[in-house]
Each structure stands twice: as C-alpha cells, then as structure tokens.
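Below is one structure, written out as structure tokens; the observations come after it.
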Amino acid sequence: MRHSALVLLLLAAALSAAQGKTVRLTDYASRRTGDDWAPALREALQEADTVLVPAGTYPLSETRIPSGKSIIGDRRKTVFKALSSSLFRAEGSIGNEIPLTEDLPDFSSEIQVEDASPFAAGDLLLLRSQRNCMVREDCGDWTLGQTVARKKTCFYGEFLTVSSVEDHTLKITTRTVFPFYRKDCSAETFREGFATRSASTVQRVQPVRNVFLSGFDVAGGKDCCSIIRFSYACNCTAEDITVVNPEPLSSTSMLFVMSRCVDCTIRKCNSICTEAMRTAVLNDLEKVYDNYSKYNNFRIISCRGCTFEGCSDNFATHAFSITYSGLPSTHCRIIGCRSLNSIWAGIIAQQNTPWSELVANTVLQSGQGVFAGCRWSKVANNYVRTELPHDTNYYYTHLSRGGTVGIAVFEGYARECVVTGNTVSGFYTGIAVLDGYEQRNIFDGKSDLVIENNSVSACITGFSIYKNKYNTDRTDLGITLRDNEFIGLGETFSLGGAERSGFGARLPRSMGVRLVGNSFSNFKFGIHMNGFPDGIHIVANRVGHCRYGIFLSTENDNPNRLESHLEIRDNHFEEIGLKEFGGLFQPFVILVK
C-alpha cells in the first residue's frame with residue numbers, strides 16, 4: 001500500500017507541474033450517486049486536469065472526458081466496474097457542411113468555399129468529396145474498393161489543417177491525398193440503392209484534444225460493449241487498460257474504438273474474455289456473414305494516422321481492424337499487437353483504408369491471420385500460427401477458397417502492397433491473393449504486389465492465388481513472389497470428403513506472375529499452373545522433396561491452342577519424383593529465355 005501511495009504521489013507531482021491541478025477521485029466520494037462514481041469523476045474533471053484513482057473498485061456509468069484531461073489509475077489495483085453500455089467517451093463535434101464553389105484541382109492546398117468565416121488558422125477541417133471511391137468507372141486507378149450486393153458507399157474524404165483564411169479561400173498546411181473534389185456531382189455515376197452526395201464540402205471539426213487515460217482495469221458485463229471511444233478526437237491516448245469480459249455480450253462489441261480521429265493512439269491495452277464466455281459464444285454463434293463483426297474489440301474507423309500498439313486480445317471475430325464508415329481511413333497502423341483465438345482474422349485492414357501498416361503483430365489460433373484489403377499497404381514482420389484443423393469451416397475459411405489462411409491480400413483492391421518478413425505456420429494456405437465473394441471484389445488488373453522474404457511452414461499450400469467464379473478476365477496480375485521459403489506437410493490429404501494435394505505455389509488461370517529465388521519443399525507439386533497460364537516467370541527457384549517440380553496441368557482452357565509465354569530457367573531441383581523437364585509438362589508452351 002505504501003508503494004502504491006508513493007507511486008500516485010510521484011505521478012501527481014509530475015502531472016501537476018506539467019498539466020495543472022491534480023486531484024484524487026476518492027476526495028469526491030460524497031458526490032457519488034449510490035454506488036456510481038460517475039458524478040464524482042465528472043466533478044473531479046471539472047476542477048482538475050488530472051484525476052488519480054487509487055487502488056480499489058469503482059462502479060461507473062458512462063463518463064465523457066473533456067479536452068486536456070487525464071485519468072490515471074494504480075495499474076491493476078484500480079478497477080472500474082461497468083454499469084452502462086459504454087464507459088469512457090472522449091468526443092468532439094463537427095459543424096455544418098459548406099459546399100465548394102470551384103472544383104478543387106487534384107492534390108491542391110487551396111479550397112474555394114461558399115463561406116470561410118467559421119474557420120481560422122490552426123482549425124481542423126473535414127473535406128468530403130461527392131465521388132464514391134468504390135465506383136471504378138469514375139475513379140479508375142484510384143478505386144479503393146467495390147461492393148454491390150450490400151450497397152456500401154464510401155466517399156473520398158480527409159482531415160486537413162487550415163494554415164490561413166482569405167475571403168472565400170481556405171489554405172491548408174498540406175496538399176490533399178485524394179483527387180476528385182468537385183463542386184457538383186455532374187460527372188458521377190449513380191447506382192440504384194447507393195448513397196449519393198451533390199457536392200464536395202468542408203466542415204469545421206472541433207475535436208477533443210489531448211485526453212490521456214492510463215493504468216486501470218475494467219470489469220465488464222454483458223451490456224457493456226464499449227470501454228474506450230475516441231470520436232472526432234486529436235492526439236488522445238489510452239494505455240495500460242485491461243478489460244475482462246466474463247460473459248457473452250448482448251450486442252456488437254467494440255471495446256476500444258477510434259472513430260473519425262486524427263493521430264490518436266491506444267497502446268498496451270488488453271481485452272480478456274473468460275474460457276466460459278469463449279465456449280458459450282462459439283457454441284451459440286452461427287458462422288455466417290451477419291456475425292462477421294460481432295466481436296471486433298479493437299477498431300479504427302475512418303481515421304487518419306491512428307494506431308493500435310502493443311495491445312492484446314484473447315477472443316474475437318476480428319480482434320484488430322482498420323475499417324471505414326462512409327469515409328476512408330488513411331495512414332493507420334496496427335503494430336506489435338497480439339491476437340489469440342479469433343474466429344476470422346486476428347488483424348485486418350478493410351477496403352478503403354489505404355496506406356495501412358500491419359507490422360510486427362502476433363496472431364495465434366485464428367482461422368485467418370493478417371489480412372489486407374487496401375491499397376498501398378505494408379504487411380511486415382508478423383508471426384502467424386494456428387493449430388486449428390485444416391478443414392475448419394468458418395464463414396471465411398471454406399476449403400473451396402483456400403481454407404484457413406495465414407496472410408492474405410484480398411478482395412481485389414489490395415494493390416501496390418508489400419508483404420515481407422512474415423512467419424506463417426499451420427494454416428491450410430500460408431499466403432494468398434484472394435478474391436472476395438462478390439462479382440466486383442476481384443483481382444482483375446495489375447496489382448503490383450510484392451511478396452518477399454517470408455517463411456511459411458506446416459501448410460498444405462504455401463502460396464495460392466484464389467479466383468472466384470466471376471474472375472474470368474485474362475489480365476496481368478503484376479504479382480512478384482521472391483526469396484520466400486515454403487515448407488509443406490506432404491503430398492496428399494483427405495479433407496472435406498475429398499483427396500487434396502499439397503502445393504508449394506498454386507497459380508490457377510494466372511497471368512503476370514513472377515516467382516524468383518523462392519524455395520519450395522515437401523509438397524506434391526512444387527509449382528503448379530493450370531487454366532492456360534501466360535506471362536509467368538519462374539526463375540532461380542529451388543524445388544525439393546516433391547513429386548513434381550514445376551507442373552503445367554494438361555487440363556487447360558485453351559480451345560484455340562493459343563501460345564502460353566513462360567520463362568522457366570535456372571531453377572534447381574532436388575529429390576523430385578518426376579524428372580522430365582524438372583517435372584514440367586508443356587502442351588502448347590513457349591519457353592521464353
């Protein structure tokens with residue numbers, strides 16, 4: 001007790017000097033309403049910048065945190081017991097939409113608006129486009145994602161800082177990162193059932209700033225689905241907070257959320273559910289799309305530059321996700337986090353979340369590991385391992401789509417991404433380029449993917465391209481697979497009532513793929529191609545302990561007997577069952593040197 005008191009006194013002294021007045025929550029005990037400490041905490045926050053919460057248990061209902069305020073507990077000795085559906089909320093506000101009067105030149109730093117009077121230098125603004133970034137016909141190479149069946153819409157938009165105001169001109173400190181900000185919607189394609197916007201607009205954001213929450217536990221309950229929520233927030237931080245969920249939640253769980261925030265961080269925070277809760281959810285949860293987001297415990301939604309760092313979760317549907325709600329997320333990060341027992345992906349960045357970084361995370365016992373469905377993203381140095389059965393049949397792990405998957409770029413808009421330095425073990429498919437379910441969520445153009453220096457072991461398939469039934473175009477995929485190591489589990493397996501083969505690299509109906517300097521061992525097929533491959537370069541790879549080295553299926557969709565251009569050279573084969581051409585069959589093939 002003396003040590004805890006000393007720690008709190010030292011914290012109080014440091015924070016008092018840096019941030020103003022510091023008080024103890026217990027000094028406001030008389031302000032409680034029954035057992036609820038929320039009225040006491042609100043009054044303490046009105047009177048001081050920092051509230052220290054000594055060791056003890058504090059029942060608490062929802063509490064709003066103003067700018068510049070800190071709540072600091074005595075680490076694991078301070079416990080808040082949730083009395084409401086949400087607990088701590090730090091939320092700013094946003095003003096009315098003001099239309100642009102001129103088309104904004106792409107990547108500009110000056111915005112012409114109807115009324116600039118609400119703005120001043122230093123203000124944060126939200127610029128929103130009239131263009132749906134999920135419509136390829138309008139966006140071309142800047143399309144960020146497409147979905148039709150569920151009619152999701154996402155408009156280009158970004159947070160910017162005002163540098164100066166002159167008449168009807170807003171000058172901003174940086175250039176815009178997206179194009180297509182126009183004064184009207186005359187050039188837009190409208191699809192039935194999708195949301196529309198008539199013009200680009202600006203809105204003044206009044207964010208909550210510099211909130212700091214640290215050093216306490218939360219005892220959750222079945223109705224408490226939100227613990228920390230930052231919304232329209234800037235430079236806010238939550239750290240060293242642990243939530244324990246003893247029973248299944250009554251509605252969708254988003255325990256730690258940053259929504260429409262700028263440069264906020266949640267670090268070293270933990271979500272822990274009991275074994276009894278996990279068992280109850282798994283027994284009750286129908287594994288269909290409607291439950292895809294039921295337990296998304298850590299979420300970044302339509303933010304800029306926000307980060308989950310060093311956090312952990314021991315059960316979720318998606319543990320950590322970067323996603324969107326009508327507005328893209330940009331330059332957000334999930335770094336050094338740990339996910340255990342996720343039903344689907346442990347770490348995921350959805351469509352419309354460009355420049356995401358998924359780096360140095362650990363995902364264990366998940367149906368899917370680290371997934372990126374967004375452009376210009378980095379998936380690096382993650383450790384992903386599972387011991388789930390290879391025929392685990394969750395909604396997104398059907399065997400027909402590659403089963404459980406360690407790392408994937410998915411749904412067609414994970415383009416110009418880098419997947420590097422990852423370690424994957426135990427999945428049906430180690431690394432995949434994966435079409436989605438919908439007709440437009442496909443890789444049907446040059447993706448400029450680089451997959452390099454990864455290590456994959458104990459997987460039935462090392463690397464695979466999965467194309468759904470809608471993906472019939474023959475286009476250059478632009479995929480480079482280089483300097484990776486793939487170690488399989490053997491030749492054949494009986495799963496899902498069928499005999500299945502092991503593949504080092506599986507390239508169905510593929511065009512425009514480069515395999516350079518990789519190692520494939522202990523599969524039935526080292527490198528397997530079918531469906532009339534073209535523009536495939538297989539150079540300086542090592543293939544060993546396989547029945548076939550490089551195999552071109554004779555069942556090719558080539559009714560016109562077209563030429564298939566393959567460059568196959570300088571590969572090394574060791575202990576290959578079929579020696580002819582290194583195990584290569586070549587009907588209607590031209591070897592390009």
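Here's how to read the names in the structure tokens: chain A, B, ... by the order shown, residue numbers from 1 in each chain, ligand numbers from 1 in the order shown.
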
Those of stretch 1-151 of chain A in DSSP alpha helix (DSSP H), formatted as a PyMOL selection string: chain A and resi 2-19+38-47+136-139

Find the residues near stretch 434-446 of chain A: any atom within 7 Å, counting only C-alpha atoms, skip ones fewer than 6 places away on the same chain, and give them as a list of chain:residue names.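 Non-adjacent residues within range: A:Gln146, A:Thr147, A:Ala408, A:Val409, A:Phe410, A:Glu411, A:Gly412, A:Ile465, A:Tyr466, A:Lys467, A:Asn468, A:Tyr470, A:Asn471, A:Asp473, A:Thr475, A:Asp476, A:Leu477, A:Gly478.
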
Using only C-alpha atoms, determine which residues lie at most 9 Å from A:Glu574, disregarding the query and same-chain residues fewer than 4 positions distant; provide the list as a list in words.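 Listing them by chain and then by number gives Arg542, Val543, Gly544, His545, Cys546 and Gly549 of chain A.
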
Generate a file of the selected residues that holds N, CA and C atoms, formatted as an mmCIF file, in the first residue's frame.
data_model
loop_
_atom_site.group_PDB
_atom_site.id
_atom_site.type_symbol
_atom_site.label_atom_id
_atom_site.label_comp_id
_atom_site.auth_asym_id
_atom_site.auth_seq_id
_atom_site.Cartn_x
_atom_site.Cartn_y
_atom_site.Cartn_z
ATOM 1 N N ARG A 542 14.281 -22.954 -55.975
ATOM 2 C CA ARG A 542 14.754 -24.251 -55.505
ATOM 3 C C ARG A 542 13.531 -25.088 -55.144
ATOM 4 N N VAL A 543 13.438 -26.277 -55.764
ATOM 5 C CA VAL A 543 12.292 -27.153 -55.537
ATOM 6 C C VAL A 543 12.818 -28.512 -55.120
ATOM 7 N N GLY A 544 12.391 -28.988 -53.954
ATOM 8 C CA GLY A 544 12.903 -30.270 -53.479
ATOM 9 C C GLY A 544 11.868 -31.075 -52.727
ATOM 10 N N HIS A 545 12.067 -32.391 -52.720
ATOM 11 C CA HIS A 545 11.223 -33.312 -51.954
ATOM 12 C C HIS A 545 9.756 -33.171 -52.363
ATOM 13 N N CYS A 546 9.511 -33.080 -53.658
ATOM 14 C CA CYS A 546 8.159 -33.003 -54.208
ATOM 15 C C CYS A 546 8.011 -34.092 -55.263
ATOM 16 N N GLY A 549 8.131 -31.133 -59.815
ATOM 17 C CA GLY A 549 8.827 -29.879 -59.590
ATOM 18 C C GLY A 549 7.999 -28.707 -60.058
#

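Of note, atom CA of A:Leu399 and atom CA of A:Gln351 are spaced 23.4 Å apart.
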
List every residue of stretch 3-95 of chain A that DSSP, applied to the backbone of this structure, assigns to strand (DSSP E), and report them as an MDAnalysis selection string. chainID A and resid 22:24 50:53 56:60 63:64 70:73 78:82 86:91 93:94

Quick one: residues within 12 Å of A:Thr423, only C-alpha atoms counted, chain neighbours fewer than 3 positions away excluded, as a ChimeraX atom specification? /A:359-364,369-370,379-386,406-407,419-420,426-427,430-431,452-459,462,484-487

Surrounding residues of A:Ala540 excluding itself and chain neighbours under 3 positions, 9 Å, only C-alpha atoms, as a tab-separated table (two decimals) with C-alpha atoms, in the first residue's frame:
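Below is the file selection-v3.tsv, written as the result:
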chain	number	residue	atom	x	y	z
A	515	LEU	CA	8.47	-16.36	-58.99
A	516	VAL	CA	12.15	-15.62	-58.36
A	517	GLY	CA	14.54	-17.08	-55.82
A	518	ASN	CA	11.96	-18.97	-53.74
A	568	ILE	CA	11.40	-21.07	-66.87
A	569	ARG	CA	15.13	-21.12	-66.25
A	570	ASP	CA	17.92	-21.54	-63.74
A	571	ASN	CA	15.76	-23.49	-61.29
A	572	HIS	CA	17.35	-26.16	-59.08

Name the residues in contact with stretch 493-499 of chain A at a cut-off of 12 Å, using only C-alpha atoms, excluding same-chain residues fewer than 4 positions from it; report them as a list in words. Pro389, His390, Asp391, Thr392, Asn393, His398, Leu399, Ser400, Gly403, Tyr428, Cys459, Ile460, Thr461, Gly488, Leu489, Phe503, Phe523 and Lys524 of chain A
